$ cat query.tsv   # TSV, C-alpha atoms
chain	number	residue	atom	x	y	z
A	1311	MET	CA	-3.23	-29.16	-9.00
A	1312	GLY	CA	-5.31	-26.14	-9.99
A	1313	PRO	CA	-7.62	-24.67	-12.62
A	1314	LEU	CA	-4.72	-24.18	-15.08
A	1315	GLU	CA	-3.38	-27.74	-14.80
A	1316	SER	CA	-3.99	-28.39	-18.50
A	1317	VAL	CA	-2.06	-25.26	-19.56
A	1318	ARG	CA	1.60	-25.50	-20.59
A	1319	VAL	CA	3.65	-22.30	-20.38
A	1320	LEU	CA	7.06	-21.67	-21.97
A	1321	GLU	CA	8.85	-18.89	-20.14
A	1322	LEU	CA	11.70	-17.27	-22.09
A	1323	ALA	CA	11.64	-14.18	-19.87
A	1324	SER	CA	14.26	-13.14	-17.35
A	1325	VAL	CA	14.65	-10.83	-14.34
A	1326	LEU	CA	11.29	-10.18	-12.58
A	1327	ALA	CA	8.06	-9.31	-14.43
A	1328	GLY	CA	7.90	-12.31	-16.77
A	1329	PRO	CA	9.22	-14.87	-14.27
A	1330	LEU	CA	6.84	-13.61	-11.58
A	1331	ALA	CA	3.92	-14.00	-13.98
A	1332	GLY	CA	5.08	-17.52	-14.82
A	1333	THR	CA	5.30	-18.38	-11.14
A	1334	ALA	CA	1.76	-17.09	-10.55
A	1335	LEU	CA	0.47	-19.31	-13.36
A	1336	ALA	CA	2.38	-22.27	-11.89
A	1337	GLU	CA	0.76	-21.65	-8.50
A	1338	ARG	CA	-2.60	-22.00	-10.23
A	1339	GLY	CA	-1.57	-25.38	-11.63
A	1340	ALA	CA	0.05	-24.53	-14.98
A	1341	ASN	CA	3.02	-26.60	-16.15
A	1342	VAL	CA	5.69	-23.90	-16.58
A	1343	THR	CA	9.05	-24.48	-18.25
A	1344	LYS	CA	11.63	-21.74	-17.75
A	1345	VAL	CA	14.42	-21.58	-20.34
A	1346	GLU	CA	17.80	-20.21	-19.25
A	1347	HIS	CA	20.91	-19.62	-21.32
A	1348	PRO	CA	23.96	-21.66	-20.23
A	1349	PRO	CA	26.17	-21.35	-18.34
A	1350	HIS	CA	24.97	-18.47	-16.14
A	1351	GLY	CA	21.21	-18.37	-16.75
A	1352	ASP	CA	18.89	-15.64	-15.56
A	1353	VAL	CA	20.94	-12.59	-14.57
A	1354	THR	CA	19.17	-12.42	-11.20
A	1355	ARG	CA	21.05	-15.55	-10.14
A	1356	SER	CA	24.04	-13.21	-9.75
A	1357	TRP	CA	22.17	-10.43	-7.92
A	1358	LYS	CA	23.34	-11.41	-4.46
A	1359	MET	CA	23.56	-9.48	-1.24
A	1360	LYS	CA	26.99	-9.20	0.31
A	1361	ASN	CA	26.34	-11.99	2.82
A	1362	GLU	CA	24.97	-14.56	0.33
A	1363	ASP	CA	26.81	-17.76	-0.57
A	1364	VAL	CA	29.02	-17.05	-3.58
A	1365	GLU	CA	28.99	-20.72	-4.63
A	1366	ASN	CA	25.21	-21.07	-4.64
A	1367	PRO	CA	23.94	-21.09	-8.25
A	1368	SER	CA	20.83	-19.25	-7.12
A	1369	SER	CA	20.17	-16.08	-5.14
A	1370	ALA	CA	17.47	-14.72	-2.88
A	1371	TYR	CA	16.44	-12.34	-5.67
A	1372	TYR	CA	16.11	-15.20	-8.17
A	1373	GLU	CA	14.03	-17.21	-5.70
A	1374	SER	CA	11.61	-14.30	-5.26
A	1375	ALA	CA	10.29	-14.72	-8.81
A	1376	ASN	CA	10.92	-18.38	-9.61
A	1377	GLY	CA	9.06	-21.18	-7.92
A	1378	THR	CA	7.62	-24.49	-9.05
A	1379	LYS	CA	8.95	-24.43	-12.59
A	1380	LYS	CA	10.95	-26.86	-14.67
A	1381	VAL	CA	14.23	-25.19	-15.72
A	1382	VAL	CA	15.72	-26.11	-19.10
A	1383	TRP	CA	19.14	-24.87	-20.21
A	1384	GLN	CA	19.24	-24.01	-23.91
A	1385	ASP	CA	21.22	-21.76	-26.24
A	1386	LEU	CA	18.31	-20.66	-28.40
A	1387	ALA	CA	20.63	-19.14	-31.02
A	1388	SER	CA	22.19	-22.54	-31.75
A	1389	THR	CA	20.82	-25.00	-34.31
A	1390	SER	CA	19.90	-27.51	-31.62
A	1391	GLY	CA	18.34	-24.77	-29.52
A	1392	GLN	CA	16.23	-23.59	-32.47
A	1393	THR	CA	14.99	-27.13	-33.09
A	1394	TRP	CA	14.19	-27.63	-29.42
A	1395	MET	CA	12.32	-24.33	-29.18
A	1396	ASP	CA	10.15	-24.90	-32.24
A	1397	GLU	CA	9.14	-28.28	-30.89
A	1398	ALA	CA	8.44	-26.67	-27.52
A	1399	LEU	CA	6.28	-23.96	-29.10
A	1400	ALA	CA	4.22	-26.65	-30.80
A	1401	SER	CA	3.52	-28.40	-27.52
A	1402	HIS	CA	2.93	-25.39	-25.26
A	1403	ASP	CA	-0.11	-23.14	-24.92
A	1404	VAL	CA	1.54	-19.93	-23.73
A	1405	LEU	CA	4.81	-18.15	-24.49
A	1406	ILE	CA	6.12	-15.36	-22.21
A	1407	GLU	CA	9.25	-13.54	-23.39
A	1408	ASN	CA	11.07	-10.24	-23.02
A	1409	PHE	CA	13.69	-10.34	-25.80
A	1410	LYS	CA	14.82	-7.16	-27.52
A	1411	TRP	CA	13.18	-6.72	-30.92
A	1412	SER	CA	16.57	-7.09	-32.60
A	1413	ASP	CA	16.89	-10.56	-31.04
A	1414	LEU	CA	13.58	-11.83	-32.38
A	1415	THR	CA	15.03	-12.45	-35.84
A	1416	LYS	CA	18.04	-14.25	-34.35
A	1417	PHE	CA	15.77	-16.53	-32.33
A	1418	ASN	CA	13.21	-16.94	-35.17
A	1419	LEU	CA	10.54	-15.36	-32.97
A	1420	LEU	CA	9.05	-12.58	-35.12
A	1421	PRO	CA	5.39	-12.37	-34.04
A	1422	GLU	CA	3.73	-13.00	-37.40
A	1423	ASP	CA	6.09	-15.87	-38.20
A	1424	VAL	CA	5.40	-17.57	-34.86
A	1425	ALA	CA	1.65	-17.07	-35.28
A	1426	THR	CA	1.83	-18.68	-38.74
A	1427	ARG	CA	3.78	-21.70	-37.50
A	1428	HIS	CA	1.89	-22.05	-34.21
A	1429	PRO	CA	-1.54	-20.35	-34.46
A	1430	HIS	CA	-2.68	-22.02	-31.22
A	1431	LEU	CA	0.01	-20.22	-29.21
A	1432	ILE	CA	-0.86	-17.42	-26.79
A	1433	ARG	CA	2.13	-15.12	-26.79
A	1434	VAL	CA	2.81	-12.28	-24.37
A	1435	ARG	CA	5.85	-10.08	-24.86
A	1436	LEU	CA	7.25	-7.64	-22.30
A	1437	VAL	CA	8.93	-4.41	-23.39
A	1438	GLY	CA	10.14	-1.39	-21.47
A	1439	PHE	CA	8.74	1.65	-23.26
A	1440	ASN	CA	5.80	1.72	-25.66
A	1441	GLU	CA	7.39	4.02	-28.21
A	1442	SER	CA	10.97	2.80	-27.74
A	1443	PRO	CA	10.77	-0.99	-27.32
A	1444	GLU	CA	14.51	-1.36	-27.95
A	1445	ARG	CA	15.44	0.88	-25.03
A	1446	LEU	CA	16.79	-0.92	-21.97
A	1447	ALA	CA	14.28	-0.38	-19.19
A	1448	TYR	CA	15.23	-1.27	-15.66
A	1449	ASP	CA	12.58	-0.73	-13.04
A	1450	VAL	CA	14.12	2.37	-11.48
A	1451	VAL	CA	14.29	4.07	-14.89
A	1452	VAL	CA	10.59	3.41	-15.45
A	1453	GLN	CA	9.77	4.60	-11.93
A	1454	ALA	CA	11.50	7.84	-12.86
A	1455	GLU	CA	9.88	8.31	-16.24
A	1456	THR	CA	6.32	7.45	-15.23
A	1457	GLY	CA	6.22	9.98	-12.40
A	1458	PHE	CA	6.52	7.66	-9.42
A	1459	MET	CA	9.89	8.93	-8.24
A	1460	SER	CA	8.74	12.54	-8.53
A	1461	MET	CA	6.09	11.78	-5.90
A	1462	ASN	CA	8.18	9.62	-3.59
A	1463	GLY	CA	10.10	11.11	-0.67
A	1464	PHE	CA	10.19	14.62	0.76
A	1465	ASN	CA	10.19	17.89	-1.15
A	1466	ASP	CA	13.42	19.08	0.49
A	1467	ARG	CA	15.33	15.99	-0.70
A	1468	PRO	CA	15.98	14.33	-4.07
A	1469	PRO	CA	13.42	11.87	-5.49
A	1470	ILE	CA	13.92	8.26	-4.41
A	1471	ARG	CA	13.02	4.88	-5.86
A	1472	MET	CA	10.57	2.63	-4.12
A	1473	PRO	CA	12.26	-0.27	-2.30
A	1474	VAL	CA	10.77	-2.96	-4.56
A	1475	ALA	CA	10.74	-3.18	-8.37
A	1476	LEU	CA	7.15	-2.01	-8.47
A	1477	MET	CA	6.99	-1.49	-12.24
A	1478	ASP	CA	7.95	-5.13	-12.77
A	1479	VAL	CA	5.38	-6.30	-10.24
A	1480	LEU	CA	2.66	-4.23	-11.91
A	1481	ALA	CA	3.69	-5.52	-15.35
A	1482	SER	CA	3.58	-9.12	-14.11
A	1483	HIS	CA	-0.11	-8.64	-13.32
A	1484	GLN	CA	-0.72	-7.24	-16.80
A	1485	ILE	CA	1.04	-10.29	-18.27
A	1486	ARG	CA	-1.20	-12.63	-16.27
A	1487	MET	CA	-4.30	-10.77	-17.47
A	1488	ALA	CA	-3.10	-10.97	-21.08
A	1489	VAL	CA	-2.54	-14.72	-20.73
A	1490	MET	CA	-6.06	-15.20	-19.37
A	1491	GLU	CA	-7.48	-13.07	-22.18
A	1492	GLY	CA	-5.58	-15.18	-24.72
A	1493	LEU	CA	-6.82	-18.45	-23.26
A	1494	LEU	CA	-10.40	-17.18	-23.29
A	1495	ALA	CA	-10.05	-15.87	-26.86
A	1496	ARG	CA	-8.77	-19.26	-28.00
A	1497	GLU	CA	-11.76	-20.94	-26.38
A	1498	HIS	CA	-13.88	-18.70	-28.62
A	1499	GLY	CA	-12.02	-19.81	-31.74
A	1500	LYS	CA	-9.56	-16.93	-32.11
A	1501	ASN	CA	-5.96	-17.88	-32.95
A	1502	GLY	CA	-2.62	-16.11	-33.34
A	1503	PHE	CA	-2.96	-14.17	-30.06
A	1504	PHE	CA	-0.10	-11.71	-29.45
A	1505	ALA	CA	-0.02	-9.18	-26.60
A	1506	GLU	CA	2.69	-6.67	-25.81
A	1507	VAL	CA	2.91	-5.47	-22.21
A	1508	SER	CA	5.13	-2.52	-21.34
A	1509	LEU	CA	6.66	-1.53	-18.04
A	1510	GLU	CA	5.90	2.07	-18.92
A	1511	GLY	CA	2.23	1.41	-19.61
A	1512	SER	CA	1.91	-0.71	-16.49
A	1513	GLY	CA	3.27	2.14	-14.40
A	1514	ILE	CA	1.09	4.83	-15.98
A	1515	THR	CA	-2.01	2.66	-15.64
A	1516	ALA	CA	-1.30	2.35	-11.91
A	1517	LEU	CA	-1.14	6.12	-11.30
A	1518	VAL	CA	-4.95	6.09	-10.80
A	1519	ASN	CA	-6.05	9.10	-8.67
A	1520	GLN	CA	-2.65	10.80	-8.90
A	1521	ALA	CA	-3.09	10.82	-12.68
A	1522	THR	CA	-6.64	12.22	-12.51
A	1523	ASN	CA	-5.55	14.89	-10.03
A	1524	GLN	CA	-3.22	16.02	-12.81
A	1525	LEU	CA	-5.49	15.43	-15.80
A	1526	VAL	CA	-8.71	16.74	-14.24
A	1527	ASN	CA	-7.48	19.39	-11.82
A	1528	GLY	CA	-4.08	20.32	-13.27
A	1529	GLN	CA	-2.52	19.60	-9.89
A	1530	THR	CA	0.97	18.16	-10.19
A	1531	PRO	CA	1.74	15.89	-7.21
A	1532	GLU	CA	4.77	16.78	-5.11
A	1533	ARG	CA	6.89	14.78	-2.72
A	1534	ASN	CA	5.18	15.10	0.63
A	1535	GLY	CA	6.46	12.20	2.71
A	1536	GLY	CA	3.57	9.88	1.94
A	1537	GLN	CA	0.65	12.18	2.66
A	1538	HIS	CA	-2.51	11.60	0.62
A	1539	PRO	CA	-3.39	14.64	-1.52
A	1540	ASN	CA	-7.14	14.07	-1.17
A	1541	ILE	CA	-7.57	12.71	2.37
A	1542	ALA	CA	-6.34	13.67	5.86
A	1543	PRO	CA	-5.12	12.25	8.08
A	1544	TYR	CA	-4.26	9.46	5.64
A	1545	GLY	CA	-0.66	8.32	5.31
A	1546	GLU	CA	0.46	10.35	8.29
A	1547	VAL	CA	2.53	8.45	10.82
A	1548	LEU	CA	2.09	8.76	14.57
A	1549	GLU	CA	5.23	8.30	16.63
A	1550	CYS	CA	4.46	6.07	19.60
A	1551	ALA	CA	6.59	5.07	22.56
A	1552	ASP	CA	7.92	1.95	20.79
A	1553	GLY	CA	7.42	2.57	17.09
A	1554	HIS	CA	4.97	3.98	14.60
A	1555	VAL	CA	1.32	3.72	13.56
A	1556	VAL	CA	0.05	4.96	10.20
A	1557	LEU	CA	-3.41	6.51	9.89
A	1558	ALA	CA	-6.01	5.91	7.16
A	1559	ILE	CA	-8.88	8.15	8.24
A	1560	GLY	CA	-11.36	8.48	5.38
A	1561	ASN	CA	-14.46	10.15	6.87
A	1562	ASP	CA	-15.74	12.28	9.74
A	1563	ARG	CA	-16.96	9.35	11.84
A	1564	GLN	CA	-13.53	7.71	11.70
A	1565	PHE	CA	-11.91	11.02	12.63
A	1566	GLU	CA	-14.16	11.28	15.68
A	1567	GLY	CA	-13.11	7.77	16.73
A	1568	LEU	CA	-9.43	8.70	16.34
A	1569	CYS	CA	-9.82	11.81	18.47
A	1570	HIS	CA	-11.75	9.91	21.15
A	1571	VAL	CA	-9.07	7.21	21.44
A	1572	LEU	CA	-6.25	9.75	21.64
A	1573	GLY	CA	-8.08	11.72	24.34
A	1574	VAL	CA	-8.51	14.86	22.23
A	1575	PRO	CA	-12.27	14.90	21.42
A	1576	ASN	CA	-12.14	18.69	21.03
A	1577	LEU	CA	-10.29	18.26	17.71
A	1578	ALA	CA	-13.34	16.55	16.21
A	1579	THR	CA	-15.46	19.66	16.89
A	1580	ASP	CA	-12.76	22.20	16.03
A	1581	GLU	CA	-14.00	24.22	13.05
A	1582	ARG	CA	-10.62	23.76	11.32
A	1583	TYR	CA	-11.06	19.97	11.16
A	1584	GLN	CA	-14.81	19.38	10.79
A	1585	SER	CA	-14.62	18.06	7.22
A	1586	ASN	CA	-12.10	16.09	5.23
A	1587	GLN	CA	-11.28	19.06	2.98
A	1588	LEU	CA	-10.70	21.27	6.00
A	1589	ARG	CA	-8.40	18.63	7.46
A	1590	VAL	CA	-6.47	18.54	4.18
A	1591	MET	CA	-6.14	22.33	4.28
A	1592	ASN	CA	-5.01	22.38	7.95
A	1593	ARG	CA	-3.08	19.13	7.91
A	1594	GLU	CA	0.18	20.33	9.45
A	1595	ALA	CA	-1.33	21.74	12.66
A	1596	LEU	CA	-3.62	18.73	13.01
A	1597	ILE	CA	-0.84	16.15	12.74
A	1598	LEU	CA	1.24	18.00	15.31
A	1599	LYS	CA	-1.61	17.76	17.84
A	1600	LEU	CA	-2.28	14.08	17.04
A	1601	ASN	CA	1.38	13.18	17.50
A	1602	GLN	CA	1.50	14.92	20.85
A	1603	ALA	CA	-1.47	12.80	21.96
A	1604	ALA	CA	0.02	9.53	20.67
A	1605	ARG	CA	3.57	9.67	22.03
A	1606	ASP	CA	2.89	7.70	25.24
A	1607	TRP	CA	1.00	4.88	23.50
A	1608	HIS	CA	2.51	1.53	22.58
A	1609	LYS	CA	1.98	0.90	18.87
A	1610	ILE	CA	0.12	-2.42	19.18
A	1611	MET	CA	-2.22	-1.08	21.87
A	1612	LEU	CA	-2.96	2.07	19.89
A	1613	GLU	CA	-3.81	0.15	16.71
A	1614	ARG	CA	-6.15	-2.16	18.63
A	1615	ALA	CA	-7.88	0.76	20.32
A	1616	LEU	CA	-8.31	2.55	17.01
A	1617	ARG	CA	-9.65	-0.63	15.39
A	1618	ASP	CA	-12.24	-0.99	18.16
A	1619	ALA	CA	-13.23	2.64	17.59
A	1620	GLY	CA	-13.67	2.13	13.84
A	1621	ALA	CA	-10.66	4.32	12.99
A	1622	PRO	CA	-8.47	2.56	10.36
A	1623	ALA	CA	-4.77	2.43	11.21
A	1624	GLY	CA	-1.85	0.05	10.95
A	1625	VAL	CA	1.31	-0.80	12.83
A	1626	VAL	CA	4.42	0.00	10.80
A	1627	ARG	CA	6.16	-3.38	10.82
A	1628	SER	CA	9.67	-4.30	9.75
A	1629	LEU	CA	10.01	-7.39	7.53
A	1630	ASP	CA	11.25	-9.54	10.40
A	1631	GLU	CA	7.99	-8.69	12.19
A	1632	VAL	CA	5.95	-9.40	9.05
A	1633	PHE	CA	7.44	-12.88	8.62
A	1634	GLU	CA	8.01	-13.80	12.26
A	1635	LYS	CA	5.39	-16.57	12.12
A	1636	LYS	CA	6.89	-19.74	10.63
A	1637	ASP	CA	3.51	-20.82	9.27
A	1638	HIS	CA	2.83	-17.50	7.58
A	1639	LYS	CA	0.14	-18.08	4.95
A	1640	TRP	CA	1.68	-15.65	2.46
A	1641	THR	CA	4.93	-17.57	2.01
A	1642	ILE	CA	5.77	-20.76	0.17
A	1643	GLN	CA	8.83	-23.01	-0.11
A	1644	ASN	CA	10.26	-24.39	-3.33
A	1645	SER	CA	11.77	-27.85	-3.77
A	1646	SER	CA	15.16	-26.68	-2.50
A	1647	GLY	CA	13.64	-25.30	0.70
A	1648	ALA	CA	14.00	-21.62	-0.20
A	1649	SER	CA	11.11	-19.52	1.09
A	1650	ARG	CA	9.50	-16.73	-0.93
A	1651	PRO	CA	6.25	-14.76	-0.98
A	1652	ARG	CA	3.39	-16.37	-2.86
A	1653	ALA	CA	2.78	-14.96	-6.33
A	1654	VAL	CA	-0.99	-15.44	-5.95
A	1655	ALA	CA	-2.70	-13.67	-3.06
A	1656	TYR	CA	-6.21	-14.99	-3.23
A	1657	HIS	CA	-8.03	-18.13	-2.16
A	1658	VAL	CA	-10.79	-19.84	-4.11
A	1659	ASP	CA	-13.72	-21.93	-2.87
A	1660	TYR	CA	-16.24	-23.72	-5.08
A	1661	PHE	CA	-19.73	-23.61	-3.59
A	1662	ASP	CA	-21.27	-26.18	-5.89

$ encode --input "query.tsv" --output "structure tokens"
Amino acid sequence: MGPLESVRVLELASVLAGPLAGTALAERGANVTKVEHPPHGDVTRSWKMKNEDVENPSSAYYESANGTKKVVWQDLASTSGQTWMDEALASHDVLIENFKWSDLTKFNLLPEDVATRHPHLIRVRLVGFNESPERLAYDVVVQAETGFMSMNGFNDRPPIRMPVALMDVLASHQIRMAVMEGLLAREHGKNGFFAEVSLEGSGITALVNQATNQLVNGQTPERNGGQHPNIAPYGEVLECADGHVVLAIGNDRQFEGLCHVLGVPNLATDERYQSNQLRVMNREALILKLNQAARDWHKIMLERALRDAGAPAGVVRSLDEVFEKKDHKWTIQNSSGASRPRAVAYHVDYFD
């Protein structure tokens, strides 16, 4: 049970962004019905790693975005499917879909028509590109065309995609926000709500300071191995005796703590490193000295020492290390026992 327990959501979306949004709403109590086309359903059911069970109708990828939902199998282009869907639209509060525009006529889902038949409905549609909604838009394509790949990797190697479908994840948050806006608007007497979320727009919105570095300063970001263009040492990785620690030093006091822990206090008073901008300018020489001082440390011990000194840093963990605790609070199991990350990462208390 949760704050959305009275909300009924019809999810006609597939792959990741829409289903992940539906799962997040379900984790807040919404009654979510996912519609899949027989016989194969959501394409991610077939996106299996080489060691996954061929006979299993699900996949690890599918489970990542689909949790406590009711699954209904319907051919929405059929007469019976059309009847079922119109009845479902009448009884649900929210519709999430990612059909191509050309399919909307076939499924009787043109926005104005649906709003006329079901003015109470809060509808959120996912597209790939704002100006070309018919264009197929897989995550990696959007990563490329919104600038993310151009910044990811090293400048002496080709651009690379990020190892998760980040554009879909970002879009799923935009979908959730649109649903909440629609519910609030309906509470204020506004009907016929229709929002269109794009993967492209979700990516560009998330460029934040990289975008303003370009728009304000005319500085085009380059691939630099994860270094922060405005802060140093931030994003640099120290190689320890048994792994790696990443630094997130944001001010002079934190830099002094880092130097003290590593046994090189002279770096904090070196005129080349006495301000953040100077550290950005002289980054390469600084990181070489820091790595020399860190190589005999064990990663866990170094992170703890830096934490005690007020110098932000983190151990670079592999996923087996991240999820090594069986009672990990960020995971959840569905009815079949499959474990996945939670779609909602916050906890609520009511101090009434």

$ residues_around --input "query.tsv" --residues "region 1494-1499 of chain A" --least-positions-apart "3" --cutoff "12 Å" --atoms "only C-alpha atoms" --output "PyMOL selection string"
chain A and resi 1403-1404+1429-1433+1487-1491+1502-1504

$ atom_distance --input "query.tsv" --atom1 "CA of Ala1619 (chain A)" --atom2 "CA of Glu1566 (chain A)"
8.9 Å

$ residues_around --input "query.tsv" --residues "region 1465-1474 of chain A" --least-positions-apart "6" --cutoff "8 Å" --atoms "all atoms listed in the file" --output "PyMOL selection string"
chain A and resi 1450+1453-1454+1458-1459+1532-1535

$ closest_atom_pairs --input "query.tsv" --of "region 1407-1449 of chain A" --to "region 1325-1335 of chain A" --cutoff "10 Å" --atoms "all atoms listed in the file" --output "Markdown table"
| residue | atom | partner | partner_atom | distance |
| --- | --- | --- | --- | --- |
| A:Glu1407 | CA | A:Gly1328 | CA | 6.9 |
| A:Asn1408 | CA | A:Gly1328 | CA | 7.3 |
| A:Val1434 | CA | A:Gly1328 | CA | 9.1 |
| A:Arg1435 | CA | A:Gly1328 | CA | 8.6 |
| A:Leu1436 | CA | A:Gly1328 | CA | 7.3 |
| A:Tyr1448 | CA | A:Val1325 | CA | 9.7 |
| A:Asp1449 | CA | A:Leu1326 | CA | 9.5 |

$ atom_distance --input "query.tsv" --atom1 "CA of Pro1575 (chain A)" --atom2 "CA of Ala1595 (chain A)"
15.6 Å

$ atom_distance --input "query.tsv" --atom1 "CA of Lys1380 (chain A)" --atom2 "CA of Asp1423 (chain A)"
26.4 Å

$ closest_residue --input "query.tsv" --among "A:Gln1564, A:Gln1537, A:Thr1415, A:Ser1374" --to "Glu1594 (chain A)" --atoms "all atoms listed in the file"
A:Gln1537

$ closest_residue --input "query.tsv" --among "A:Ile1485, A:Leu1588, A:Leu1480, A:Val1632" --to "Leu1405 (chain A)" --atoms "all atoms listed in the file"
A:Ile1485
